[in-house]
Amino acid sequence: MPEGPPAAPTGDELLKVLSALGNPHRLRIVAALLESRTYVSALARLIGMGRPLLHMHLQRLEAAGLVVGTLEVGEDGKSMKYYDVTPFLYELTPHVVAQAAATLTEPIGPGRAADRGTTEEAK
């Protein structure tokens with residue numbers, strides 16, 4: 001039986017995904033993993049990034065549900081963590097954004113709204 005359309009994301013889920021994809025390094029990581037599943041050291045060489053920084057980006061992508069990591073033990077007994085892209089599909093329309101905004105769990109108080117706008121502009 002074919003699956004129906006994906007459920008609309010909550011505001012918190014949508015923010016996590018957009019935040020995870022809002023970085024050029026993470027976009028390159030997703031693109032590289034789409035080509036083939038690979039382990040951290042090979043991915044670091046492919047992208048030209050140090051492993052500690054790559055781990056930080058992979059954790060962010062994994063927390064957003066966009067990639068998945070699995071620990072595997074080779075014949076030599078050495079453990080390596082492989083990463084793969086998780087299939088995902090998000091439709092981004094004003095209606096979806098409005099629905100998501102209505103479900104946000106972090107309220108913005110009077111003082112915080114002004115602070116957040118200033119912080120966002122500084123980025």
# chains A, B, ... in the order shown; residues from 1 in each chain; ligands from 1
call {"tool": "residues_around", "arguments": {"residues": "Leu21 in chain A", "least_positions_apart": "2", "cutoff": "12 Å", "atoms": "only C-alpha atoms", "output": "PyMOL selection string"}}
result
chain A and resi 14-19+23-31+57-58+60-67+90
call {"tool": "select_by_dssp", "arguments": {"residues": "chain A", "states": "strand (DSSP E or B)", "output": "list of chain:residue names"}}
result
A:Thr38, A:Tyr39, A:Val67, A:Val68, A:Gly69, A:Thr70, A:Leu71, A:Glu72, A:Val73, A:Ser79, A:Met80, A:Lys81, A:Tyr82, A:Tyr83, A:Asp84, A:Val85
call {"tool": "write_last_selection", "arguments": {"atoms": "all heavy atoms", "output": "compact mmCIF listing (two decimals), in the first residue's frame"}}
result
# COMPACT_ATOMS: atom_id res chain seq x y z
N THR A 38 29.54 6.30 3.85
CA THR A 38 30.97 6.25 4.11
C THR A 38 31.27 6.46 5.58
O THR A 38 30.38 6.79 6.36
CB THR A 38 31.73 7.28 3.24
OG1 THR A 38 33.13 7.04 3.33
CG2 THR A 38 31.43 8.70 3.65
N TYR A 39 32.51 6.26 5.96
CA TYR A 39 32.93 6.43 7.34
C TYR A 39 33.57 7.81 7.52
O TYR A 39 33.91 8.49 6.56
CB TYR A 39 33.86 5.30 7.79
CG TYR A 39 35.12 5.14 6.99
CD1 TYR A 39 36.32 5.68 7.44
CD2 TYR A 39 35.12 4.43 5.79
CE1 TYR A 39 37.49 5.53 6.71
CE2 TYR A 39 36.27 4.29 5.05
CZ TYR A 39 37.46 4.83 5.51
OH TYR A 39 38.61 4.70 4.78
N VAL A 67 20.64 12.46 8.71
CA VAL A 67 21.62 11.40 8.47
C VAL A 67 21.54 10.43 9.64
O VAL A 67 21.04 10.76 10.71
CB VAL A 67 23.07 11.92 8.31
CG1 VAL A 67 23.18 12.91 7.16
CG2 VAL A 67 23.61 12.50 9.58
N VAL A 68 22.05 9.23 9.40
CA VAL A 68 22.09 8.23 10.47
C VAL A 68 23.49 7.61 10.48
O VAL A 68 24.08 7.37 9.43
CB VAL A 68 21.00 7.15 10.27
CG1 VAL A 68 21.20 6.36 9.01
CG2 VAL A 68 20.91 6.24 11.48
N GLY A 69 24.00 7.42 11.68
CA GLY A 69 25.31 6.80 11.84
C GLY A 69 25.18 5.43 12.47
O GLY A 69 24.37 5.24 13.38
N THR A 70 25.98 4.48 11.97
CA THR A 70 25.99 3.14 12.53
C THR A 70 27.43 2.73 12.79
O THR A 70 28.30 2.94 11.95
CB THR A 70 25.33 2.11 11.60
OG1 THR A 70 25.96 2.18 10.31
CG2 THR A 70 23.85 2.36 11.44
N LEU A 71 27.66 2.17 13.96
CA LEU A 71 28.98 1.71 14.35
C LEU A 71 29.15 0.27 13.86
O LEU A 71 28.31 -0.58 14.12
CB LEU A 71 29.14 1.77 15.86
CG LEU A 71 30.53 1.67 16.42
CD1 LEU A 71 31.42 2.78 15.87
CD2 LEU A 71 30.49 1.74 17.93
N GLU A 72 30.24 0.03 13.12
CA GLU A 72 30.48 -1.30 12.57
C GLU A 72 31.89 -1.73 12.94
O GLU A 72 32.81 -0.92 12.99
CB GLU A 72 30.31 -1.30 11.05
CG GLU A 72 28.89 -0.95 10.64
CD GLU A 72 28.68 -0.97 9.14
OE1 GLU A 72 29.55 -1.53 8.42
OE2 GLU A 72 27.66 -0.44 8.70
N VAL A 73 32.04 -3.03 13.18
CA VAL A 73 33.34 -3.60 13.53
C VAL A 73 33.85 -4.37 12.31
O VAL A 73 33.17 -5.25 11.80
CB VAL A 73 33.23 -4.53 14.75
CG1 VAL A 73 34.58 -5.12 15.10
CG2 VAL A 73 32.66 -3.77 15.94
N SER A 79 36.61 -0.57 15.13
CA SER A 79 35.27 0.00 14.98
C SER A 79 35.33 1.27 14.15
O SER A 79 36.20 2.11 14.35
CB SER A 79 34.67 0.33 16.35
OG SER A 79 34.49 -0.83 17.10
N MET A 80 34.38 1.39 13.24
CA MET A 80 34.27 2.60 12.42
C MET A 80 32.81 2.98 12.34
O MET A 80 31.94 2.12 12.24
CB MET A 80 34.83 2.36 11.02
CG MET A 80 36.31 2.06 11.05
SD MET A 80 37.20 1.97 9.48
CE MET A 80 36.07 1.66 8.23
N LYS A 81 32.55 4.29 12.40
CA LYS A 81 31.18 4.76 12.30
C LYS A 81 30.91 5.20 10.87
O LYS A 81 31.60 6.06 10.33
CB LYS A 81 30.93 5.91 13.28
CG LYS A 81 29.46 6.23 13.42
CD LYS A 81 29.15 6.99 14.67
CE LYS A 81 27.65 7.12 14.87
NZ LYS A 81 27.32 7.83 16.09
N TYR A 82 29.92 4.56 10.26
CA TYR A 82 29.49 4.88 8.91
C TYR A 82 28.27 5.78 8.97
O TYR A 82 27.41 5.62 9.84
CB TYR A 82 29.14 3.61 8.14
CG TYR A 82 30.34 2.86 7.63
CD1 TYR A 82 31.07 2.02 8.46
CD2 TYR A 82 30.75 3.01 6.32
CE1 TYR A 82 32.18 1.34 8.00
CE2 TYR A 82 31.86 2.33 5.83
CZ TYR A 82 32.56 1.50 6.68
OH TYR A 82 33.67 0.83 6.21
N TYR A 83 28.18 6.70 8.03
CA TYR A 83 27.03 7.60 7.94
C TYR A 83 26.35 7.45 6.60
O TYR A 83 27.00 7.18 5.58
CB TYR A 83 27.47 9.06 8.14
CG TYR A 83 27.75 9.38 9.58
CD1 TYR A 83 29.00 9.18 10.13
CD2 TYR A 83 26.72 9.85 10.41
CE1 TYR A 83 29.25 9.46 11.45
CE2 TYR A 83 26.96 10.12 11.74
CZ TYR A 83 28.23 9.93 12.25
OH TYR A 83 28.45 10.19 13.58
N ASP A 84 25.05 7.64 6.62
CA ASP A 84 24.23 7.57 5.42
C ASP A 84 23.13 8.61 5.53
O ASP A 84 22.72 8.99 6.64
CB ASP A 84 23.61 6.17 5.30
CG ASP A 84 23.16 5.84 3.90
OD1 ASP A 84 23.30 6.68 2.99
OD2 ASP A 84 22.67 4.71 3.70
N VAL A 85 22.65 9.07 4.39
CA VAL A 85 21.54 10.03 4.36
C VAL A 85 20.25 9.28 4.67
O VAL A 85 20.03 8.18 4.18
CB VAL A 85 21.42 10.71 2.98
CG1 VAL A 85 20.17 11.57 2.88
CG2 VAL A 85 22.65 11.55 2.70
call {"tool": "residues_around", "arguments": {"residues": "Gln99 in chain A", "least_positions_apart": "6", "cutoff": "10 Å", "atoms": "only C-alpha atoms", "output": "list in words"}}
result
Ala8, Pro9, Thr10, Gly11 and Thr93 of chain A
call {"tool": "atom_distance", "arguments": {"atom1": "CA of Ala98 in chain A", "atom2": "CA of Thr86 in chain A"}}
result
25.6 Å
call {"tool": "select_by_dssp", "arguments": {"residues": "range 61-117 of chain A", "states": "helix (DSSP H, G or I)", "output": "list in words"}}
result
Leu61, Glu62, Ala63, Pro94, His95, Val96, Val97, Ala98, Gln99, Ala100, Ala101, Pro110, Gly111, Arg112, Ala113, Ala114, Asp115, Arg116 and Gly117 of chain A
call {"tool": "write_last_selection", "arguments": {"atoms": "all heavy atoms", "output": "compact mmCIF listing (two decimals), in the first residue's frame"}}
result
# COMPACT_ATOMS: atom_id res chain seq x y z
N LEU A 61 23.33 17.14 12.02
CA LEU A 61 22.49 16.52 10.99
C LEU A 61 21.77 15.29 11.53
O LEU A 61 20.60 15.05 11.20
CB LEU A 61 23.36 16.14 9.78
CG LEU A 61 23.87 17.30 8.94
CD1 LEU A 61 24.97 16.83 8.00
CD2 LEU A 61 22.74 17.96 8.18
N GLU A 62 22.45 14.53 12.37
CA GLU A 62 21.84 13.33 12.95
C GLU A 62 20.71 13.71 13.91
O GLU A 62 19.64 13.09 13.92
CB GLU A 62 22.90 12.50 13.66
CG GLU A 62 22.49 11.07 13.91
CD GLU A 62 23.65 10.18 14.33
OE1 GLU A 62 24.69 10.68 14.82
OE2 GLU A 62 23.50 8.95 14.17
N ALA A 63 20.91 14.75 14.71
CA ALA A 63 19.88 15.20 15.65
C ALA A 63 18.62 15.68 14.90
O ALA A 63 17.51 15.55 15.41
CB ALA A 63 20.42 16.33 16.52
N PRO A 94 4.02 28.75 2.71
CA PRO A 94 3.55 29.62 3.79
C PRO A 94 2.57 28.91 4.72
O PRO A 94 2.60 29.12 5.94
CB PRO A 94 2.88 30.78 3.05
CG PRO A 94 3.59 30.83 1.73
CD PRO A 94 3.88 29.39 1.39
N HIS A 95 1.73 28.05 4.17
CA HIS A 95 0.76 27.32 5.00
C HIS A 95 1.47 26.38 5.97
O HIS A 95 1.13 26.31 7.15
CB HIS A 95 -0.21 26.55 4.10
CG HIS A 95 -1.27 25.82 4.85
ND1 HIS A 95 -2.31 26.46 5.48
CD2 HIS A 95 -1.45 24.50 5.07
CE1 HIS A 95 -3.08 25.57 6.08
NE2 HIS A 95 -2.58 24.37 5.84
N VAL A 96 2.47 25.65 5.48
CA VAL A 96 3.24 24.72 6.33
C VAL A 96 3.96 25.50 7.43
O VAL A 96 3.98 25.11 8.59
CB VAL A 96 4.23 23.89 5.49
CG1 VAL A 96 5.21 23.14 6.38
CG2 VAL A 96 3.48 22.93 4.58
N VAL A 97 4.56 26.65 7.06
CA VAL A 97 5.25 27.48 8.04
C VAL A 97 4.28 27.97 9.11
O VAL A 97 4.58 27.95 10.31
CB VAL A 97 5.98 28.66 7.36
CG1 VAL A 97 6.52 29.64 8.39
CG2 VAL A 97 7.11 28.13 6.48
N ALA A 98 3.09 28.41 8.70
CA ALA A 98 2.09 28.89 9.66
C ALA A 98 1.65 27.78 10.60
O ALA A 98 1.52 27.99 11.81
CB ALA A 98 0.90 29.48 8.92
N GLN A 99 1.43 26.58 10.06
CA GLN A 99 1.05 25.44 10.90
C GLN A 99 2.17 25.12 11.90
O GLN A 99 1.91 24.86 13.07
CB GLN A 99 0.79 24.20 10.05
CG GLN A 99 -0.56 24.16 9.39
CD GLN A 99 -0.74 22.84 8.65
OE1 GLN A 99 0.13 22.43 7.87
NE2 GLN A 99 -1.85 22.19 8.89
N ALA A 100 3.40 25.13 11.41
CA ALA A 100 4.53 24.83 12.28
C ALA A 100 4.69 25.89 13.36
O ALA A 100 4.95 25.58 14.52
CB ALA A 100 5.82 24.71 11.44
N ALA A 101 4.51 27.15 12.99
CA ALA A 101 4.66 28.24 13.96
C ALA A 101 3.65 28.10 15.10
O ALA A 101 3.96 28.42 16.25
CB ALA A 101 4.48 29.59 13.27
N PRO A 110 8.15 39.44 25.54
CA PRO A 110 8.34 40.80 25.03
C PRO A 110 9.82 41.20 24.93
O PRO A 110 10.22 41.77 23.93
CB PRO A 110 7.62 41.68 26.04
CG PRO A 110 6.73 40.77 26.81
CD PRO A 110 7.30 39.39 26.70
N GLY A 111 10.63 40.87 25.92
CA GLY A 111 12.05 41.24 25.88
C GLY A 111 12.85 40.37 24.93
O GLY A 111 13.79 40.82 24.30
N ARG A 112 12.46 39.12 24.80
CA ARG A 112 13.22 38.18 23.99
C ARG A 112 13.02 38.42 22.50
O ARG A 112 13.90 38.17 21.71
CB ARG A 112 12.83 36.76 24.34
CG ARG A 112 13.26 36.43 25.76
CD ARG A 112 13.18 35.00 26.05
NE ARG A 112 14.06 34.28 25.15
CZ ARG A 112 14.00 32.97 24.97
NH1 ARG A 112 13.13 32.27 25.63
NH2 ARG A 112 14.81 32.36 24.15
N ALA A 113 11.86 38.91 22.09
CA ALA A 113 11.62 39.13 20.67
C ALA A 113 12.59 40.17 20.13
O ALA A 113 13.17 40.01 19.05
CB ALA A 113 10.18 39.59 20.44
N ALA A 114 12.81 41.24 20.86
CA ALA A 114 13.73 42.27 20.42
C ALA A 114 15.17 41.74 20.42
O ALA A 114 15.94 42.00 19.49
CB ALA A 114 13.63 43.49 21.32
N ASP A 115 15.54 40.96 21.43
CA ASP A 115 16.87 40.40 21.51
C ASP A 115 17.14 39.45 20.34
O ASP A 115 18.19 39.49 19.72
CB ASP A 115 17.08 39.60 22.82
CG ASP A 115 17.08 40.52 24.04
OD1 ASP A 115 17.27 41.73 23.86
OD2 ASP A 115 16.90 40.00 25.14
N ARG A 116 16.16 38.61 20.02
CA ARG A 116 16.34 37.63 18.96
C ARG A 116 16.53 38.33 17.62
O ARG A 116 17.36 37.95 16.83
CB ARG A 116 15.15 36.68 18.90
CG ARG A 116 15.36 35.60 17.86
CD ARG A 116 14.38 34.52 17.97
NE ARG A 116 14.81 33.63 19.05
CZ ARG A 116 14.15 32.56 19.42
NH1 ARG A 116 13.05 32.22 18.82
NH2 ARG A 116 14.58 31.79 20.38
N GLY A 117 15.78 39.37 17.35
CA GLY A 117 15.91 40.09 16.08
C GLY A 117 17.29 40.70 15.95
O GLY A 117 17.91 40.66 14.89
call {"tool": "atom_distance", "arguments": {"atom1": "CA of Gly22 in chain A", "atom2": "CA of Leu54 in chain A"}}
result
15.3 Å
